[in-house]
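As structure tokens, the structure follows; a few thoughts come after it.
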Amino acid sequence: MNSALKILFFFSLVILFLATGCVPTSTPPPPTPTTIPEPTQAAQFTPLDGFFPAASAIPGWEAQDSLHTFTRDNLYDFVDGQSDSFFVYGFEQVSVQRYTNPQGQILNVELWQAANPADAFGIFQLNRSAQAAPFGNQGTTAPGRRITFWQNRYYVHLNAPQSLPPAELEAFAQAVTARLPTGGQPPAILQRFPKENLSGEGTRFFHEELSIQDDLYLGGENALGLSPSTDGVLAHYTLNGKNVRLLLVAYPSAEQAATGLKALKAAGLDGLLVSAAKNTLLGAVFGEVDPEAAQKLLDEAMQ
Amino acid sequence: MKNLTRRQLFKETAMASAAALLFSSGCAPAAKYAKPAAVKAFPAAPKSTVVRARHAGVWSGDALQPAVLTQLLDASITKLTGQNDALQAWKSVFRPTDKIAIKVNTIEGSIDWTHVPLVNAVVARLLAAGFPGEQLFVFDRHAYELTGAGFTINQDGPGARLVGTDGDYTSGIPLLDTKVGISNILMNCDALINMPLVKQHMYAGVSFSIKNHYGTFDSPDDFHYGQRIEQGLAELNALPAIKDKTRLIIGDALVVVLGDNWTSEEKNDSIFMSFNPVATDTYALKLLAETKAAKGADESVIAEYTAKAKPWLAHAVELGLGTADPGKIDYQELKLG
């Protein structure tokens, strides 16, 4: 009898371990030294390593760890699940290289590859700093902390966790811009925007509602029928001391623009002042300014 | 094996089985993680205290001022615990032998991370309160993310340890319809100090303490969309390995990171401290809304981000992780300078 009970004792322990499905933790391995995860390499895209400054290319700085690349498969890991905000700009891959100097200071250089220059411009527009910087087709900087610019179909983001001499960031930006292919035009729809009264917030190019949801709420249900084939711009103006937003969307067809307008009017959105469709273009003004001023702005943009 | 009576054997079998269940599921017996009396945790405390300590001089240009950070921390811990002496207050939240995990936020794609000087100030106060460096483990998902955010790895040198989980997880812990791994750094510690940074998030609305577990667990990609985020965030925090060990929230609100993919930041002057993650996140969401409003965001936009956070906050309340009811929160705002 005792033997049977002993067997029962051990058997019950085994069952409980298996049932919980856990690995015992009594002797976990010690934390390992710095390791770089191996994200899936995008087989269809050319690696971006040639665009980064080589080791020691910038005096006093060395590349730390290896270049690592994120694709559509694992971008969530890089941006805390917010990959969609890049997918809507034709995201293809991003590579990141870290550099360090003898003082232990860090500079992270990110190179984002989009499907085309317009999309690279779109990503850049989301990431502008306050001060202009002379890199790529257009650049901005928070001196000593950050430089962003776009060139061809690439968006470049240099970010330091601590302040650096601005000249050191600029040296990196210069080195990257010299390695990237040149060219690339901003989206044509930007030409439509009246420059007068454009506020410091500037414009935001987008394809889908997701890209402007933290600026202008359109209901979250894609009432306007936006898609990768629509080009839109949201711009901020100051009219009569009031902040207004001008929304323009270029659809593939006039019929889609008309349908979009109908949906916009039916959506009951806060702050919608005036709206119109003309050929393939949909336009609307949101804000608190008097309707006459809003109509004038819209007419100018829809010409 | 000694001879046992049937009653003795069944009693010992039951006890051993219970112990096996607890340990194999990554949990130690509850008594081991019972919180010290000074930790007035929900729901035992009539109100959950959230301290927001502010100091206009915490930033000098782009540099944080260590002395001011210490002032903010000490004012917060004394207010939170109701004690007069800061070091005694720090001591009262932990046991002398506690191994303390300190979870920071250093995700690579961000533009700001839990600030190194703030973490250094927390570690300095714990050391001053008598906790040896080898009992302190500042950690996040990857060592390379920690270094990218300005931290210096310290595997076994003097002072607090600073290490990445780097794939070292205890696997097989049930969460919703799957199983996840929990960082062995946390598993091997007795208490957790959660040190998030206030960030806008396109799906969660706000990312703060409840969402600061990239690297605490191994599969965040499974829990970021729709109901997965609404349910998963709270369920993750309700796992014993996280819930039972979460001892203190020290929230970094020295900047508020804005934009759906963290495109800009606004400097701020605050830290949050609380025992209650739900109450803390409720006020972090409020701070995010205020910051967006100050930047000119429409009410409808702010309402949308608040709406994104409500479901997972509500589920966290359902799971007993804390309260989001302002009537049950003792919110203390301290202006120190």
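Note on naming: chains are A, B, ... as they come in the structure tokens, residues start from 1 per chain, ligands start from 1 in the order shown.
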
Checklist entry - If we count only C-alpha atoms, which residues of chain B reach to within 7 Å of chain A? Please list them as a PyMOL selection string. => result chain B and resi 13+17+20-21+24-26+62+107-111+143-144+148-150+163-166+168+170-173+184+202+221+224+259-261+263-264+297+300-301

Checklist entry - Among range 52-261 of chain A, which ones does DSSP place in strand (DSSP E), written as an MDAnalysis selection string? => result chainID A and resid 62:70 91:100 106:114 131:133 138:142 146:151 154:159 198:206 231:239 242:250

Item to check | Residue nearest Thr148 in chain A - candidates A:Tyr251, A:Gly183, A:Leu111, A:Ala178, atoms counted: only C-alpha atoms | outcome: A:Leu111

Next on the checklist: as number ranges by chain, please: the residues near Ala267 in chain A (cut-off 10 Å, only C-alpha atoms, same-chain neighbours under 4 positions excluded).
Outcome noted: A: 218-219, 221, 223-224, 261-263, 272

Residues just named, written with C-alpha atoms as a short mmCIF file (atom, residue, chain, number, x, y, z; two decimals), in the first residue's frame:
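Now in part.cif:
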data_model
loop_
_atom_site.label_atom_id
_atom_site.label_comp_id
_atom_site.auth_asym_id
_atom_site.auth_seq_id
_atom_site.Cartn_x
_atom_site.Cartn_y
_atom_site.Cartn_z
CA LEU A 218 -12.79 61.99 -39.42
CA GLY A 219 -14.78 59.40 -37.51
CA GLU A 221 -14.62 54.56 -40.14
CA ALA A 223 -16.20 57.49 -44.43
CA LEU A 224 -14.27 59.30 -47.18
CA LEU A 261 -18.10 64.56 -50.52
CA LYS A 262 -21.52 63.05 -49.92
CA ALA A 263 -20.11 60.89 -47.12
CA LEU A 272 -16.83 71.30 -40.75
#
